[in-house]
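A.B. asks: Provided herewith is a single structure, encoded as structure tokens, for subsequent inquiry.
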Amino acid sequence: MRTSDLESAAEVLRDDPARTRAARRLRIAQHGSLAVDRLVELAARLLGAQAGQISLLDDVQSVAAVAGLPPGAATRETGLADTPCTLAAAGNEVLAISDARADERVGRLPQVTGGQVVAYLGAPLTDGEGHVVGTLCVFDPLSREWSETDAATLQQLAASVVTELEYAALTGEYERQHLRWRLAMDAGGVGTFDWDLRSGELVWDDPLMAMFGYTLDDFDGTITAFNRRLHPDDLPRVSEALRACIDLVGDFEAEYRVVRPDGETRWVQARGRALAGADGSTIRVLGAAYDTTEDRTGDVRVARVLEAMPAGFYSLDHEWRFTHVNAEAERLLGRSREELLGQVIWTAFPATVNSDFEKYYRSAVRSGEPVNFDAHYPAPLDGWYELRAWPSPEGLSVYFIEVTERKQAREHAERSAQRLALLAQVSAELAGTLDAQAATSRLPRLVVPGLAQWGIVTVVDADGRPRDVGWWHAEPSSRALVERYAAVRLDAMPATSPVARALLAGEAVRANADEVVALLADGEARDLLTALAPGAAVCLPLRGRGRTLGVLTLYFGRGDMLSREDLATAQDVADRAGLALDNTRLYTQQQLAEGLQRSLLTEPPEPDHAEIAVRYLPAIEAARVGGDWYDAFLQPSGATMLVIGDVVGHDTEAAAAMGQLRGLLRGIATYSDASPVEVLRGLDASMAVLQTHVLATAALARFEQTDDERRRGITRMRWANAGHLPPLVINPDGSVAELAAWRGDLLLGVDHEVERRESVVTLDRGSTVLLFTDGLVERRDADLDAGLVRLREALAEVSHLPLQQLLDEVLERLVDGRPEDDVALVAVRLHRQDRPRPVEAGPNEVPDVVPPDPA
């Protein structure tokens, strides 16, 4: 995607009316949801981001919840083409942007240019019908790389956000339904209306549409349609009554005339009630209306109300026989009124006997007080119902609605909250200690009993052997058995066991406990597992970067097993533990490699008429520390030799190989007084004889001067290159010299008989020569040539600085103190003849003037 991608993505979202309706429904329902607010705060905290936001996308982006920003900082509504959330929603997958400023799709957006959003991670919110209704995103004002674990965590949180939004929508619908029942009963009418003052949408049911003479085709769903049918003489009075209802958040009652398209005038009685929003002002008016033109008996009117109600109703006499059943009750109960009328409820629905239904019904009749309760009826209905029952002279009247979907949504939301709380606790445990293995050993205590009946965690030690380091059981009486089983089980398990397969494949392995028992030979481990009697188990790998560092085994009772959501949570827990273990090991390895490397990178000499400066900066990623080196020394003839090199590989082995090559090169150069090309030939030959089995690049530069050259103020630099980047020269006037097009010779360690070449360049006093490793210029998001251009531009800008400050400034500009790879630098500056020797160059001990190389 490019600049026009946001517009294209916005069009994709706008062209889906069903999606837009679904998003608008949740946007209206989510108002003031504390659960949604908590989820966005949890997302920002779990992912270590400065801020987070939940957006719903209908025809605009509206902010449903925000965390980490000052009050009022988030724009409540934004055009779809003006937010990166549109890309995440249209793409149907997690959108990760490490630096939005460099991303052509979103770099022009005000929140990016203003510095509020630099790193962005957004997950689409998908409802139960498959519609993408919005996004959950986190963002930072600094660039950062997002991991696969970050994306998976955000996806899981997004699912919980949708659950809470759906629950809010269902709850709102049920509340409005309740109010419509009461209003319909009070009014004794048949038509209902719902006027949303925020959107202006007016919803009428079919009876009310017919009462006003409208059809679906000519009713536009606005208050104008209502006013259009009112008799002109009644319009001012009815409008004033509605206005008072809205202003006072009170009730509405009016009787008025309706002039229908065929000219007929009908009298209508209407009653309504205002609903307040979070700020106390009216956001909705609900009500009911009925036709009073013809004189009808009270019984007919009541029957009409009951039949039109969007809730089930039935009445029972004193013998508990059905005396009335409305249409909605027929639908909910799955039985016709002809079947039910005259039957005793305890016989028609035998599961009501000795249940909450019987308890509350008899209590209402005995006490004479109404009752409200929720209850579940088993198959064939298999549903949850909310009921209101009150006694009457004739017996008992019951209104009820089915709330199964609401119950399930609430249970799902509570379960999601428990899973998120578990992830937050695990993250806190792992982040709060430098001993990741100790924290990992406590994992079973965290996930039991929330995810399993009992569990054991296994960690692979430094020698590659698995060891059980933690265990827990929900039942205190079984913990001693689990502890002993953990002590003996690995020695008793064959190579085909689920634990071994999870370690080998790096994937979750499910197992039937009886199958595991059968794999164990007769002995203590088999007896202990039989005594613990699990029904099933799942082995979840603790995955690091490209390797498996252990296994979390969860055990379940007979008939129990992880749901798909719980399995994802358990694997997320295992992945977080694996990453923490990997970070600990890489940090230890980094400390060892960096310490070894720094111990070998000594301070440079201080020759006459030249200053030498060096720098070494380890990679921010532990896995990339190890092979870069620099060196600077004097040869027996007095020549100054600079060296830069890089061993292929990044670890303690590479650091050790670097030390070996550096020592060999120093020995060859300081004993033989050889030129750079001869030193490289000797080093390559020594590597072949010693069978070092490593590859390395290196560039050597020797600075030479005859008496005549000294008088003329010039110095020759003789250099050779084994596959390394060439030196850069800063001339006295600040220009950066473009060396002749280079082709580095073959790497060291490939072919020691290869022919190597040497180059010579003449330098004036005041010139600076820089040798460097590729970590200074290489980037994951740019090629090497672009990095070299950036380096040359930086050198031209800082050429006037003292040498030590120049190197610091170059590092700051090119890697900002956080290199992706090791960086080694060595630089020499030839002092001007007309200035005294700088103090930082040290005492004048060894001349740097040598006769020409005889070669």
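Residues in the structure tokens are named by chain (A, B, ... in the order shown) and by number from 1 within that chain; ligands are numbered from 1 in the order shown.
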Skipping near chain neighbours, those fewer than 5 positions away, what residues fall within 9 Å of A:Glu755 using only C-alpha atoms, listed as an mmCIF file with C-alpha atoms, in the first residue's frame?
C.D. replies:
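Contents of the output file part00.cif:
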```
data_model
loop_
_atom_site.group_PDB
_atom_site.id
_atom_site.type_symbol
_atom_site.label_atom_id
_atom_site.label_comp_id
_atom_site.auth_asym_id
_atom_site.auth_seq_id
_atom_site.Cartn_x
_atom_site.Cartn_y
_atom_site.Cartn_z
ATOM 1 C CA ARG A 681 48.494 -13.584 3.166
ATOM 2 C CA ASP A 745 39.488 -9.581 -2.104
ATOM 3 C CA LEU A 746 38.225 -12.965 -0.907
#
```
A.B. asks: Name all residues at most 6 Å from stretch 708-717 of chain A (count only C-alpha atoms; drop same-chain ones fewer than 6 positions away) and give them as a PDB file with N, CA, C and O atoms, in the first residue's frame.
C.D. replies:
```pdb
ATOM      1  N   ARG A 702      48.452   0.899   6.424  1.00  0.00           N
ATOM      2  CA  ARG A 702      49.735   1.291   7.025  1.00  0.00           C
ATOM      3  C   ARG A 702      50.099   2.683   6.526  1.00  0.00           C
ATOM      4  O   ARG A 702      49.960   2.996   5.334  1.00  0.00           O
ATOM      5  N   VAL A 760      47.503   2.132  -2.761  1.00  0.00           N
ATOM      6  CA  VAL A 760      48.233   3.203  -2.089  1.00  0.00           C
ATOM      7  C   VAL A 760      47.530   4.523  -2.409  1.00  0.00           C
ATOM      8  O   VAL A 760      47.139   4.769  -3.551  1.00  0.00           O
ATOM      9  N   VAL A 761      47.356   5.372  -1.383  1.00  0.00           N
ATOM     10  CA  VAL A 761      46.770   6.691  -1.575  1.00  0.00           C
ATOM     11  C   VAL A 761      47.623   7.704  -0.803  1.00  0.00           C
ATOM     12  O   VAL A 761      48.158   7.388   0.266  1.00  0.00           O
ATOM     13  N   THR A 762      47.813   8.901  -1.354  1.00  0.00           N
ATOM     14  CA  THR A 762      48.620   9.946  -0.724  1.00  0.00           C
ATOM     15  C   THR A 762      47.707  10.890   0.042  1.00  0.00           C
ATOM     16  O   THR A 762      46.686  11.365  -0.483  1.00  0.00           O
ATOM     17  N   LEU A 763      48.099  11.201   1.288  1.00  0.00           N
ATOM     18  CA  LEU A 763      47.278  12.020   2.168  1.00  0.00           C
ATOM     19  C   LEU A 763      48.039  13.272   2.587  1.00  0.00           C
ATOM     20  O   LEU A 763      49.248  13.221   2.841  1.00  0.00           O
ATOM     21  N   ASP A 764      47.336  14.380   2.700  1.00  0.00           N
ATOM     22  CA  ASP A 764      47.908  15.609   3.250  1.00  0.00           C
ATOM     23  C   ASP A 764      47.750  15.613   4.764  1.00  0.00           C
ATOM     24  O   ASP A 764      46.851  14.953   5.319  1.00  0.00           O
ATOM     25  N   ARG A 765      48.612  16.404   5.425  1.00  0.00           N
ATOM     26  CA  ARG A 765      48.458  16.555   6.863  1.00  0.00           C
ATOM     27  C   ARG A 765      47.105  17.231   7.148  1.00  0.00           C
ATOM     28  O   ARG A 765      46.640  18.072   6.397  1.00  0.00           O
TER      29      ARG A 765
END
```
A.B. asks: So, with only C-alpha atoms as the atoms that count, which of A:Asp684, A:Glu429, A:Glu358, A:Asp733 lies closest to A:Ala580?
C.D. replies: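 When distances to A:Ala580 are compared using only C-alpha atoms, the smallest one comes from A:Glu429.
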A.B. asks: How many Å lie between atom CA of A:Leu242 and atom CA of A:Val259, rounded to one decimal?
C.D. replies: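 These atoms are spaced 19.2 Å apart.
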A.B. asks: For the atom pair atom CA of A:Ala65 and atom CA of A:Leu157, what is the interatomic distance in Å to one decimal place?
C.D. replies: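 Between atom CA of A:Ala65 and atom CA of A:Leu157 the gap works out to 13.6 Å.
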